[in-house]
Amino acid sequence: MSYDAVVVGAGPNGLAAAIELQTHGCSTLLIDAANEVGGSARTEEATLPGFLHDVGSAIHPLGFGSPFFSSLPLDSFGLEWVHPDTPLAHPLIGSRTAFLEKSLEQTASALGEDGNAWTRRFAPFVASSKTFFEHTLRSPLSIPSSPILMARFAPLALKSTNRLANSFKSDQARALFAGNAAHAGTPLSHLLTGAVGAALIVAAHTVGWPFPKGGAGNLTLALARYFESLGGTIQTGSRVTSLADLPSARATLMAITHGQVAALTDTGLSESFLRRLKRWRYGPGAFKVDWALDGPIPWEDPEVARAATVHVGGTLEEVAASELQPWSGRLSERPFVLLAQHTLFDRSRAPEGKHTAWGYCHVPNGWEGDATPVIEAQIERFAPGFQERILSRSSWGPKRLERWDGNLVGGDVNGGALTISQTLGPARWSLPGYRTPKAGLYLCSASTPPGGGVHGMAGFHGARCALRHTFGIRLS
Ligand SMILES: Cc1cc2nc3c(=O)[nH]c(=O)nc-3n(C[C@H](O)[C@H](O)[C@H](O)COP(=O)(O)OP(=O)(O)OC[C@H]3O[C@@H](n4cnc5c(N)ncnc54)[C@H](O)[C@@H]3O)c2cc1C
């Protein structure tokens with residue numbers, strides 16, 4: 001059977017690419033190595049029967065705010081969003097918990113002396129949230145729809161988190177900002193981490209931090225069902241090792257990361273381009289744990305249960321110290337843990353009266369140790385009695401994560417390190433966007449702009465590039 005297009009990798013980006021191609025009349029085959037679609041947005045009974053765990057992504061401001069996903073009729077294909085009013089809690093030992101509320105005003109008011117500074121920093125972007133999302137998730141070659149707004153954002157991108165967070169006076173505001181920036185997985189002294197923190201905060205104040213009812217897998221399953229309803233074909237359980245093995249097609253889109261593309265045979269790519277792909281650097285790995293619990297997490301501050309996401313790591317200084325360690329090849333003794341407690345808001349994920357928890361911290365890329373004890377000890381500091389509630393756990397170190405989804409190279413969840421060089425500098429410009437020097441071969445994984453996260457926009461932009469350049473379709 002021949003197709004107009006073949007897409008390799010059925011994660012959020014591959015699914016988005018396949019849908020966009022099929023929508024424009026190109027018969028498309030979507031291939032994945034795993035036995036089911038979804039990539040790192042999949043849900044499994046990873047511990048005990050009846051406990052549903054998001055093995056990869058858990059909280060989806062980018063998925064909900066994605067200009068592409070939100071244009072699709074996914075609710076007709078089983079997707080239902082759960083919207084916690086309080087996106088995030090950040091508990092502090094011996095001090096008030098910081099909360100990131102959906103309402104900017106409510107957040108600012110609880111931050112007291114830092115309230116005005118919080119409003120001044122984020123209100124302009126919240127007021128133009130649609131443009132903000134379109135810009136931050138855009139293709140690198142498009143013209144900003146609001147240069148003024150982006151000029152206001154540039155200083156946030158070009159300052160380190162330590163510097164930006166220290167402009168606040170309270171431990172609460174500093175920790176809130178640092179925890180968001182720490183999603184970048186780079187030391188908080190690095191430039192750009194502030195931009196990641198700011199983008200997540202603006203998302204919280206605009207679309208919130210929702211998640212799919214029943215599990216992240218329901219988002220990617222809805223995408224797959226929609227793709228099939230358009231006439232697209234999915235083939236799972238097929239690991240691609242050589243481009244020569246793929247069915248012939250006018251366009252081939254690789255929704256696998258740069259290093260993985262470089263490892264394939266028969267790509268037809270020049271040696272110099274392959275060298276550039278091989279030089280792509282991956283960031284720290286994730287060490288992930290899923291827990292089945294006998295009850296909700298017993299937070300010392302019971303108000304922490306208002307939030308679906310909890311940043312467990314203490315003050316700005318503690319978070320910064322933890323995020324530095326993986327870059328020196330070490331595990332932090334008190335790691336910054338990103339934690340989600342879905343079942344407080346979504347009872348479909350665990351048996352009656354029982355709960356789940358999801359958490360990970362950053363470790364050196366490819367690290368082979370067991371971070372479970374330090375992760376659990378860190379949570380216990382803020383929730384005494386947590387460990388007594390554990391019925392079962394499933395730990396996912398970098399190597400296990402990579403076996404589960406080949407794109408998680410060394411456990412990196414972002415498809416590459418978020419360094420200046422790879423985001424704005426020479427490494428980015430030597431691999432501009434989605435086209436490769438070989439006609440008909442495109443790149444569209446999280447290694448391509450706009451980078452990691454479940455938003456599908458790299459797949460969408462990659463597909464539009466193929467539609468223009470291979471199929472000659474004029475797009476608006
Ligand atoms: C532990 C963890 C927590 C995360 N938390 C969040 C979060 O809360 N919110 C958020 O937005 N994002 C989160 N992410 C990041 C997010 O999941 C990824 O950035 C996103 O899934 C990337 O999408 P993708 O389509 O590029 O790749 P992936 O989702 O990784 O999909 C790649 C697919 O390609 C397939 N594949 C790989 N190699 C081959 C091959 N050779 N042949 C055929 N198929 C192949 C894989 O099987 C996989 O299905 C998290 C990720 C992890 C692992």
# chains A, B, ... in the order shown; residues from 1 in each chain; ligands from 1
call {"tool": "residues_around", "arguments": {"residues": "Gly112 of chain A", "least_positions_apart": "4", "cutoff": "9 Å", "atoms": "only C-alpha atoms", "output": "compact mmCIF listing (two decimals) with C-alpha atoms, in the first residue's frame"}}
result
# COMPACT_ATOMS: atom_id res chain seq x y z
CA ALA A 108 -1.56 38.65 43.95
CA ASN A 116 1.69 44.53 43.01
CA SER A 170 8.59 37.09 50.18
call {"tool": "closest_atom_pairs", "arguments": {"of": "chain A", "to": "ligand 1", "cutoff": "6 Å", "atoms": "only C-alpha atoms and all ligand atoms", "output": "Markdown table"}}
result
| residue | atom | partner | partner_atom_place_in_ligand_line | distance |
| --- | --- | --- | --- | --- |
| A:Val8 | CA | ligand 1 | 43 (C) | 5.4 |
| A:Gly9 | CA | ligand 1 | 34 (O) | 3.3 |
| A:Ala10 | CA | ligand 1 | 49 (O) | 4.8 |
| A:Gly11 | CA | ligand 1 | 31 (O) | 3.4 |
| A:Pro12 | CA | ligand 1 | 25 (O) | 4.0 |
| A:Asn13 | CA | ligand 1 | 25 (O) | 3.6 |
| A:Gly14 | CA | ligand 1 | 25 (O) | 5.2 |
| A:Ile31 | CA | ligand 1 | 43 (C) | 5.9 |
| A:Asp32 | CA | ligand 1 | 44 (N) | 3.7 |
| A:Ala33 | CA | ligand 1 | 44 (N) | 3.9 |
| A:Ala34 | CA | ligand 1 | 47 (O) | 4.6 |
| A:Val37 | CA | ligand 1 | 49 (O) | 5.8 |
| A:Gly38 | CA | ligand 1 | 49 (O) | 5.5 |
| A:Gly39 | CA | ligand 1 | 49 (O) | 3.1 |
| A:Ser40 | CA | ligand 1 | 29 (O) | 3.9 |
| A:Ala41 | CA | ligand 1 | 17 (O) | 5.3 |
| A:Gly56 | CA | ligand 1 | 2 (C) | 3.7 |
| A:Ser57 | CA | ligand 1 | 5 (N) | 3.3 |
| A:Ala58 | CA | ligand 1 | 8 (O) | 4.0 |
| A:Ile59 | CA | ligand 1 | 8 (O) | 4.0 |
| A:His60 | CA | ligand 1 | 9 (N) | 4.9 |
| A:Leu62 | CA | ligand 1 | 11 (O) | 5.6 |
| A:Ser238 | CA | ligand 1 | 43 (C) | 5.9 |
| A:Arg239 | CA | ligand 1 | 42 (N) | 3.7 |
| A:Val240 | CA | ligand 1 | 42 (N) | 3.8 |
| A:Thr241 | CA | ligand 1 | 41 (N) | 5.6 |
| A:Ala255 | CA | ligand 1 | 26 (O) | 5.7 |
| A:Ile256 | CA | ligand 1 | 34 (O) | 5.4 |
| A:Lys288 | CA | ligand 1 | 1 (C) | 5.6 |
| A:Asp405 | CA | ligand 1 | 47 (O) | 4.5 |
| A:Gly406 | CA | ligand 1 | 37 (C) | 4.2 |
| A:Asn407 | CA | ligand 1 | 30 (O) | 4.6 |
| A:Val413 | CA | ligand 1 | 51 (C) | 4.5 |
| A:Asn414 | CA | ligand 1 | 19 (O) | 4.9 |
| A:Ser445 | CA | ligand 1 | 26 (O) | 3.9 |
| A:Ala446 | CA | ligand 1 | 26 (O) | 4.0 |
| A:Gly452 | CA | ligand 1 | 19 (O) | 3.7 |
| A:Gly453 | CA | ligand 1 | 11 (O) | 3.5 |
| A:Val454 | CA | ligand 1 | 11 (O) | 3.8 |
call {"tool": "residues_around", "arguments": {"residues": "segment 462-476 of chain A", "least_positions_apart": "6", "cutoff": "8 Å", "atoms": "only C-alpha atoms", "output": "list of chain:residue names"}}
result
A:Ala17, A:Ala18, A:Glu20, A:Leu21, A:His24, A:Arg250, A:Ala251, A:Leu253, A:Gly433, A:Tyr434, A:Arg435, A:Ala439, A:Gly440, A:Tyr442, A:Leu443, A:Cys444
call {"tool": "write_last_selection", "arguments": {"atoms": "N, CA and C atoms", "output": "short mmCIF file (atom, residue, chain, number, x, y, z; two decimals), in the first residue's frame"}}
result
data_model
loop_
_atom_site.label_atom_id
_atom_site.label_comp_id
_atom_site.auth_asym_id
_atom_site.auth_seq_id
_atom_site.Cartn_x
_atom_site.Cartn_y
_atom_site.Cartn_z
N ALA A 17 0.72 16.02 13.49
CA ALA A 17 1.20 16.08 12.10
C ALA A 17 0.29 15.24 11.20
N ALA A 18 -0.02 14.02 11.67
CA ALA A 18 -0.83 13.10 10.85
C ALA A 18 -2.22 13.69 10.61
N GLU A 20 -3.09 16.91 10.59
CA GLU A 20 -3.02 18.07 9.69
C GLU A 20 -2.83 17.62 8.23
N LEU A 21 -2.01 16.59 8.02
CA LEU A 21 -1.78 16.09 6.66
C LEU A 21 -3.06 15.47 6.10
N HIS A 24 -5.75 17.78 5.01
CA HIS A 24 -5.53 18.43 3.71
C HIS A 24 -5.51 17.43 2.55
N ARG A 250 5.45 10.50 -0.60
CA ARG A 250 6.07 11.75 -1.07
C ARG A 250 6.71 12.50 0.10
N ALA A 251 6.11 12.37 1.31
CA ALA A 251 6.69 13.06 2.47
C ALA A 251 6.83 12.09 3.64
N LEU A 253 7.69 12.27 7.78
CA LEU A 253 7.87 13.20 8.90
C LEU A 253 8.33 12.42 10.12
N GLY A 433 14.18 24.75 12.16
CA GLY A 433 12.81 24.33 11.93
C GLY A 433 12.66 22.89 11.51
N TYR A 434 11.89 22.65 10.49
CA TYR A 434 11.34 21.31 10.23
C TYR A 434 11.88 20.66 8.94
N ARG A 435 12.37 21.46 8.00
CA ARG A 435 12.86 20.89 6.74
C ARG A 435 14.26 20.32 6.91
N ALA A 439 14.89 16.31 0.15
CA ALA A 439 13.52 16.67 -0.25
C ALA A 439 12.54 15.64 0.31
N GLY A 440 11.47 16.11 0.89
CA GLY A 440 10.42 15.21 1.37
C GLY A 440 10.65 14.66 2.77
N TYR A 442 11.15 15.47 6.78
CA TYR A 442 10.91 16.56 7.74
C TYR A 442 11.12 16.06 9.16
N LEU A 443 11.43 17.01 10.06
CA LEU A 443 11.58 16.71 11.49
C LEU A 443 10.46 17.43 12.25
N CYS A 444 9.83 16.77 13.21
CA CYS A 444 8.73 17.48 13.91
C CYS A 444 8.50 16.95 15.32
#
call {"tool": "atom_distance", "arguments": {"atom1": "atom CA of Ala377 of chain A", "atom2": "atom CA of His183 of chain A"}}
result
20.7 Å
call {"tool": "residues_around", "arguments": {"residues": "Asp266 of chain A", "least_positions_apart": "5", "cutoff": "9 Å", "atoms": "only C-alpha atoms", "output": "VMD selection string"}}
result
chain A and resid 242 to 244
call {"tool": "write_last_selection", "arguments": {"atoms": "N, CA and C atoms", "output": "CSV table (one decimal), in the first residue's frame"}}
result
chain,number,residue,atom,x,y,z
A,242,SER,N,15.4,1.9,9.9
A,242,SER,CA,15.9,2.4,8.7
A,242,SER,C,14.8,3.0,7.8
A,243,LEU,N,15.2,4.1,7.2
A,243,LEU,CA,14.1,4.7,6.3
A,243,LEU,C,13.8,3.8,5.1
A,244,ALA,N,14.7,2.9,4.8
A,244,ALA,CA,14.5,2.0,3.6
A,244,ALA,C,13.3,1.1,3.9
call {"tool": "select_by_dssp", "arguments": {"residues": "segment 99-227 of chain A", "states": "strand (DSSP E or B)", "output": "count of residues only"}}
result
4
